[in-house]
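This is final-v4.pdb. It holds PDB, N, CA and C atoms, pLDDT in the B column.
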ATOM      1  N   MET A   1       0.844  -1.171   0.000  1.00 54.00           N
ATOM      2  CA  MET A   1       0.000   0.000   0.000  1.00 54.00           C
ATOM      3  C   MET A   1       0.890   1.235   0.000  1.00 54.00           C
ATOM      4  N   PRO A   2       0.547   2.246  -0.795  1.00 58.00           N
ATOM      5  CA  PRO A   2       1.347   3.469  -0.815  1.00 58.00           C
ATOM      6  C   PRO A   2       1.415   4.113   0.567  1.00 58.00           C
ATOM      7  N   ASP A   3       2.543   4.752   0.852  1.00 62.00           N
ATOM      8  CA  ASP A   3       2.744   5.371   2.165  1.00 62.00           C
ATOM      9  C   ASP A   3       1.666   6.398   2.499  1.00 62.00           C
ATOM     10  N   ARG A   4       1.169   7.106   1.496  1.00 63.00           N
ATOM     11  CA  ARG A   4       0.164   8.143   1.761  1.00 63.00           C
ATOM     12  C   ARG A   4      -1.157   7.551   2.254  1.00 63.00           C
ATOM     13  N   LEU A   5      -1.400   6.243   2.017  1.00 63.00           N
ATOM     14  CA  LEU A   5      -2.645   5.612   2.453  1.00 63.00           C
ATOM     15  C   LEU A   5      -2.491   4.782   3.722  1.00 63.00           C
ATOM     16  N   LYS A   6      -1.264   4.539   4.175  1.00 64.00           N
ATOM     17  CA  LYS A   6      -1.053   3.675   5.339  1.00 64.00           C
ATOM     18  C   LYS A   6      -1.734   4.200   6.591  1.00 64.00           C
ATOM     19  N   ASP A   7      -1.784   5.500   6.773  1.00 68.00           N
ATOM     20  CA  ASP A   7      -2.422   6.044   7.972  1.00 68.00           C
ATOM     21  C   ASP A   7      -3.939   5.882   7.942  1.00 68.00           C
ATOM     22  N   ARG A   8      -4.514   5.615   6.777  1.00 74.00           N
ATOM     23  CA  ARG A   8      -5.959   5.419   6.647  1.00 74.00           C
ATOM     24  C   ARG A   8      -6.368   3.963   6.834  1.00 74.00           C
ATOM     25  N   GLU A   9      -5.408   3.072   6.885  1.00 76.00           N
ATOM     26  CA  GLU A   9      -5.691   1.646   7.013  1.00 76.00           C
ATOM     27  C   GLU A   9      -6.166   1.330   8.430  1.00 76.00           C
ATOM     28  N   LEU A  10      -7.323   0.671   8.535  1.00 81.00           N
ATOM     29  CA  LEU A  10      -7.886   0.313   9.830  1.00 81.00           C
ATOM     30  C   LEU A  10      -7.576  -1.134  10.210  1.00 81.00           C
ATOM     31  N   GLU A  11      -7.544  -2.005   9.213  1.00 84.00           N
ATOM     32  CA  GLU A  11      -7.412  -3.435   9.476  1.00 84.00           C
ATOM     33  C   GLU A  11      -6.817  -4.117   8.253  1.00 84.00           C
ATOM     34  N   ARG A  12      -6.120  -5.226   8.473  1.00 83.00           N
ATOM     35  CA  ARG A  12      -5.585  -6.035   7.384  1.00 83.00           C
ATOM     36  C   ARG A  12      -6.055  -7.463   7.532  1.00 83.00           C
ATOM     37  N   ARG A  13      -6.403  -8.095   6.423  1.00 86.00           N
ATOM     38  CA  ARG A  13      -6.822  -9.500   6.422  1.00 86.00           C
ATOM     39  C   ARG A  13      -6.015 -10.245   5.376  1.00 86.00           C
ATOM     40  N   ARG A  14      -5.815 -11.527   5.639  1.00 87.00           N
ATOM     41  CA  ARG A  14      -5.105 -12.386   4.687  1.00 87.00           C
ATOM     42  C   ARG A  14      -5.975 -13.590   4.379  1.00 87.00           C
ATOM     43  N   ALA A  15      -5.900 -14.061   3.132  1.00 89.00           N
ATOM     44  CA  ALA A  15      -6.632 -15.256   2.732  1.00 89.00           C
ATOM     45  C   ALA A  15      -5.827 -15.996   1.679  1.00 89.00           C
ATOM     46  N   ILE A  16      -5.951 -17.317   1.689  1.00 90.00           N
ATOM     47  CA  ILE A  16      -5.377 -18.160   0.648  1.00 90.00           C
ATOM     48  C   ILE A  16      -6.549 -18.576  -0.234  1.00 90.00           C
ATOM     49  N   VAL A  17      -6.460 -18.307  -1.531  1.00 89.00           N
ATOM     50  CA  VAL A  17      -7.558 -18.536  -2.465  1.00 89.00           C
ATOM     51  C   VAL A  17      -7.069 -19.389  -3.619  1.00 89.00           C
ATOM     52  N   GLU A  18      -7.896 -20.363  -4.040  1.00 88.00           N
ATOM     53  CA  GLU A  18      -7.587 -21.124  -5.246  1.00 88.00           C
ATOM     54  C   GLU A  18      -8.461 -20.578  -6.367  1.00 88.00           C
ATOM     55  N   HIS A  19      -7.836 -20.126  -7.443  1.00 86.00           N
ATOM     56  CA  HIS A  19      -8.547 -19.528  -8.570  1.00 86.00           C
ATOM     57  C   HIS A  19      -7.929 -20.037  -9.860  1.00 86.00           C
ATOM     58  N   ARG A  20      -8.760 -20.688 -10.687  1.00 86.00           N
ATOM     59  CA  ARG A  20      -8.315 -21.250 -11.963  1.00 86.00           C
ATOM     60  C   ARG A  20      -7.120 -22.179 -11.790  1.00 86.00           C
ATOM     61  N   GLY A  21      -7.171 -22.989 -10.739  1.00 85.00           N
ATOM     62  CA  GLY A  21      -6.132 -23.987 -10.509  1.00 85.00           C
ATOM     63  C   GLY A  21      -4.863 -23.455  -9.877  1.00 85.00           C
ATOM     64  N   LYS A  22      -4.812 -22.177  -9.562  1.00 86.00           N
ATOM     65  CA  LYS A  22      -3.627 -21.588  -8.935  1.00 86.00           C
ATOM     66  C   LYS A  22      -3.965 -21.169  -7.511  1.00 86.00           C
ATOM     67  N   THR A  23      -3.030 -21.391  -6.607  1.00 89.00           N
ATOM     68  CA  THR A  23      -3.218 -20.970  -5.227  1.00 89.00           C
ATOM     69  C   THR A  23      -2.573 -19.604  -5.047  1.00 89.00           C
ATOM     70  N   LEU A  24      -3.355 -18.656  -4.550  1.00 90.00           N
ATOM     71  CA  LEU A  24      -2.898 -17.274  -4.404  1.00 90.00           C
ATOM     72  C   LEU A  24      -3.067 -16.819  -2.963  1.00 90.00           C
ATOM     73  N   ARG A  25      -2.162 -15.979  -2.499  1.00 89.00           N
ATOM     74  CA  ARG A  25      -2.307 -15.332  -1.194  1.00 89.00           C
ATOM     75  C   ARG A  25      -2.759 -13.903  -1.457  1.00 89.00           C
ATOM     76  N   ILE A  26      -3.835 -13.506  -0.807  1.00 88.00           N
ATOM     77  CA  ILE A  26      -4.387 -12.168  -0.981  1.00 88.00           C
ATOM     78  C   ILE A  26      -4.330 -11.447   0.359  1.00 88.00           C
ATOM     79  N   ILE A  27      -3.826 -10.240   0.348  1.00 85.00           N
ATOM     80  CA  ILE A  27      -3.804  -9.399   1.539  1.00 85.00           C
ATOM     81  C   ILE A  27      -4.713  -8.212   1.261  1.00 85.00           C
ATOM     82  N   ILE A  28      -5.692  -8.007   2.136  1.00 85.00           N
ATOM     83  CA  ILE A  28      -6.703  -6.974   1.941  1.00 85.00           C
ATOM     84  C   ILE A  28      -6.629  -5.980   3.093  1.00 85.00           C
ATOM     85  N   ALA A  29      -6.640  -4.707   2.766  1.00 82.00           N
ATOM     86  CA  ALA A  29      -6.644  -3.665   3.794  1.00 82.00           C
ATOM     87  C   ALA A  29      -8.025  -3.023   3.849  1.00 82.00           C
ATOM     88  N   LYS A  30      -8.519  -2.806   5.046  1.00 82.00           N
ATOM     89  CA  LYS A  30      -9.819  -2.163   5.235  1.00 82.00           C
ATOM     90  C   LYS A  30      -9.589  -0.690   5.555  1.00 82.00           C
ATOM     91  N   THR A  31     -10.281   0.164   4.813  1.00 81.00           N
ATOM     92  CA  THR A  31     -10.268   1.597   5.083  1.00 81.00           C
ATOM     93  C   THR A  31     -11.684   2.005   5.485  1.00 81.00           C
ATOM     94  N   ARG A  32     -11.889   3.258   5.808  1.00 79.00           N
ATOM     95  CA  ARG A  32     -13.222   3.703   6.225  1.00 79.00           C
ATOM     96  C   ARG A  32     -14.262   3.535   5.128  1.00 79.00           C
ATOM     97  N   LYS A  33     -13.866   3.735   3.886  1.00 78.00           N
ATOM     98  CA  LYS A  33     -14.832   3.726   2.793  1.00 78.00           C
ATOM     99  C   LYS A  33     -14.995   2.366   2.129  1.00 78.00           C
ATOM    100  N   CYS A  34     -13.937   1.556   2.073  1.00 79.00           N
ATOM    101  CA  CYS A  34     -14.042   0.302   1.333  1.00 79.00           C
ATOM    102  C   CYS A  34     -12.901  -0.642   1.700  1.00 79.00           C
ATOM    103  N   PHE A  35     -12.993  -1.870   1.174  1.00 71.00           N
ATOM    104  CA  PHE A  35     -11.888  -2.808   1.243  1.00 71.00           C
ATOM    105  C   PHE A  35     -11.047  -2.615  -0.007  1.00 71.00           C
ATOM    106  N   THR A  36      -9.750  -2.574   0.138  1.00 78.00           N
ATOM    107  CA  THR A  36      -8.845  -2.409  -0.984  1.00 78.00           C
ATOM    108  C   THR A  36      -7.901  -3.599  -1.023  1.00 78.00           C
ATOM    109  N   ILE A  37      -7.829  -4.287  -2.154  1.00 70.00           N
ATOM    110  CA  ILE A  37      -6.886  -5.388  -2.282  1.00 70.00           C
ATOM    111  C   ILE A  37      -5.495  -4.797  -2.390  1.00 70.00           C
ATOM    112  N   VAL A  38      -4.634  -5.213  -1.492  1.00 75.00           N
ATOM    113  CA  VAL A  38      -3.294  -4.653  -1.436  1.00 75.00           C
ATOM    114  C   VAL A  38      -2.326  -5.490  -2.257  1.00 75.00           C
ATOM    115  N   THR A  39      -2.341  -6.802  -2.056  1.00 80.00           N
ATOM    116  CA  THR A  39      -1.356  -7.664  -2.696  1.00 80.00           C
ATOM    117  C   THR A  39      -1.983  -8.994  -3.076  1.00 80.00           C
ATOM    118  N   ILE A  40      -1.628  -9.480  -4.260  1.00 83.00           N
ATOM    119  CA  ILE A  40      -1.984 -10.833  -4.680  1.00 83.00           C
ATOM    120  C   ILE A  40      -0.718 -11.454  -5.237  1.00 83.00           C
ATOM    121  N   PHE A  41      -0.333 -12.618  -4.708  1.00 85.00           N
ATOM    122  CA  PHE A  41       0.837 -13.286  -5.252  1.00 85.00           C
ATOM    123  C   PHE A  41       0.692 -14.788  -5.101  1.00 85.00           C
ATOM    124  N   PRO A  42       1.371 -15.570  -5.961  1.00 88.00           N
ATOM    125  CA  PRO A  42       1.274 -17.029  -5.926  1.00 88.00           C
ATOM    126  C   PRO A  42       1.776 -17.584  -4.595  1.00 88.00           C
ATOM    127  N   ASP A  43       1.103 -18.621  -4.125  1.00 83.00           N
ATOM    128  CA  ASP A  43       1.512 -19.285  -2.888  1.00 83.00           C
ATOM    129  C   ASP A  43       1.256 -20.782  -3.030  1.00 83.00           C
ATOM    130  N   PRO A  44       2.014 -21.467  -3.891  1.00 84.00           N
ATOM    131  CA  PRO A  44       1.783 -22.893  -4.107  1.00 84.00           C
ATOM    132  C   PRO A  44       2.067 -23.697  -2.843  1.00 84.00           C
ATOM    133  N   GLY A  45       1.337 -24.788  -2.706  1.00 82.00           N
ATOM    134  CA  GLY A  45       1.562 -25.675  -1.576  1.00 82.00           C
ATOM    135  C   GLY A  45       0.717 -25.374  -0.358  1.00 82.00           C
ATOM    136  N   GLN A  46       0.016 -24.261  -0.335  1.00 81.00           N
ATOM    137  CA  GLN A  46      -0.840 -23.912   0.796  1.00 81.00           C
ATOM    138  C   GLN A  46      -2.249 -24.454   0.560  1.00 81.00           C
ATOM    139  N   ILE A  47      -2.953 -24.750   1.620  1.00 81.00           N
ATOM    140  CA  ILE A  47      -4.342 -25.191   1.520  1.00 81.00           C
ATOM    141  C   ILE A  47      -5.215 -23.939   1.435  1.00 81.00           C
ATOM    142  N   PRO A  48      -6.027 -23.821   0.367  1.00 80.00           N
ATOM    143  CA  PRO A  48      -6.824 -22.598   0.203  1.00 80.00           C
ATOM    144  C   PRO A  48      -7.952 -22.484   1.217  1.00 80.00           C
ATOM    145  N   ASP A  49      -8.231 -21.253   1.645  1.00 81.00           N
ATOM    146  CA  ASP A  49      -9.383 -20.958   2.496  1.00 81.00           C
ATOM    147  C   ASP A  49     -10.655 -20.918   1.648  1.00 81.00           C
ATOM    148  N   ILE A  50     -10.522 -20.454   0.409  1.00 77.00           N
ATOM    149  CA  ILE A  50     -11.650 -20.273  -0.507  1.00 77.00           C
ATOM    150  C   ILE A  50     -11.253 -20.812  -1.872  1.00 77.00           C
ATOM    151  N   THR A  51     -12.197 -21.478  -2.565  1.00 81.00           N
ATOM    152  CA  THR A  51     -11.959 -21.924  -3.933  1.00 81.00           C
ATOM    153  C   THR A  51     -12.933 -21.192  -4.846  1.00 81.00           C
ATOM    154  N   LEU A  52     -12.401 -20.452  -5.821  1.00 77.00           N
ATOM    155  CA  LEU A  52     -13.215 -19.709  -6.784  1.00 77.00           C
ATOM    156  C   LEU A  52     -13.138 -20.403  -8.130  1.00 77.00           C
ATOM    157  N   ASP A  53     -14.247 -20.434  -8.851  1.00 69.00           N
ATOM    158  CA  ASP A  53     -14.254 -21.040 -10.193  1.00 69.00           C
ATOM    159  C   ASP A  53     -14.259 -19.989 -11.260  1.00 69.00           C
TER     160      ASP A  53
END
Rewrite the structure from the file as structure tokens, please.
Amino acid sequence: MPDRLKDRELERRRAIVEHRGKTLRIIIAKTRKCFTIVTIFPDPGQIPDITLD
């Protein structure tokens, strides 16, 4: 997340998601107005929390 937005971040969540056969780690930051996806990157070998088709 850009430095100018870090002070607006209220909460961070992490999830492991399987999407189109790939396992991804997603980090989501919660701000006052919305949830913003901060980072998505491959994380093979982890058990997914959610499976998306």
Taking the file as shown, find all residues satisfying the PyMOL selection byres ((chain A and resi 31) around 8) and write them as number ranges by chain. A: 8-12, 28-30, 32-36
For the structure I just gave you, how does DSSP split chain A - specifically, which residues are strand (DSSP E)? Reply as an MDAnalysis selection string. chainID A and resid 11:19 22:30 35:42 50:52
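Running DSSP on the backbone and keeping only alpha helix (DSSP H), the residues of chain A that qualify are A:Asp3, A:Arg4, A:Leu5, A:Lys6.
Note on the selection: in this file the PyMOL selection byres ((chain A and resi 19) around 8) comes out as Ile16, Val17, Glu18, Arg20, Gly21, Lys22, Thr23, Leu24, Ile50, Thr51, Leu52 and Asp53 of chain A.
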In Å to one decimal, how far is atom C of Pro44 of chain A from atom C of Ile27 of chain A? 17.4 Å
In Å to one decimal, how far is atom CA of Arg13 of chain A from atom N of Asp43 of chain A?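 Atom N of Asp43 of chain A sits 16.0 Å away from atom CA of Arg13 of chain A.
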Between atom C of Ile26 of chain A and atom CA of Ile47 of chain A, measure the distance and give it in Å to one decimal. 13.8 Å
Identify the residues around (-1.2, -4.0, -1.7) within a radius of 7 Å, measuring from only C-alpha atoms in the coordinates stated by the file, and give them as a ChimeraX atom specification. /A:1,27,37-39
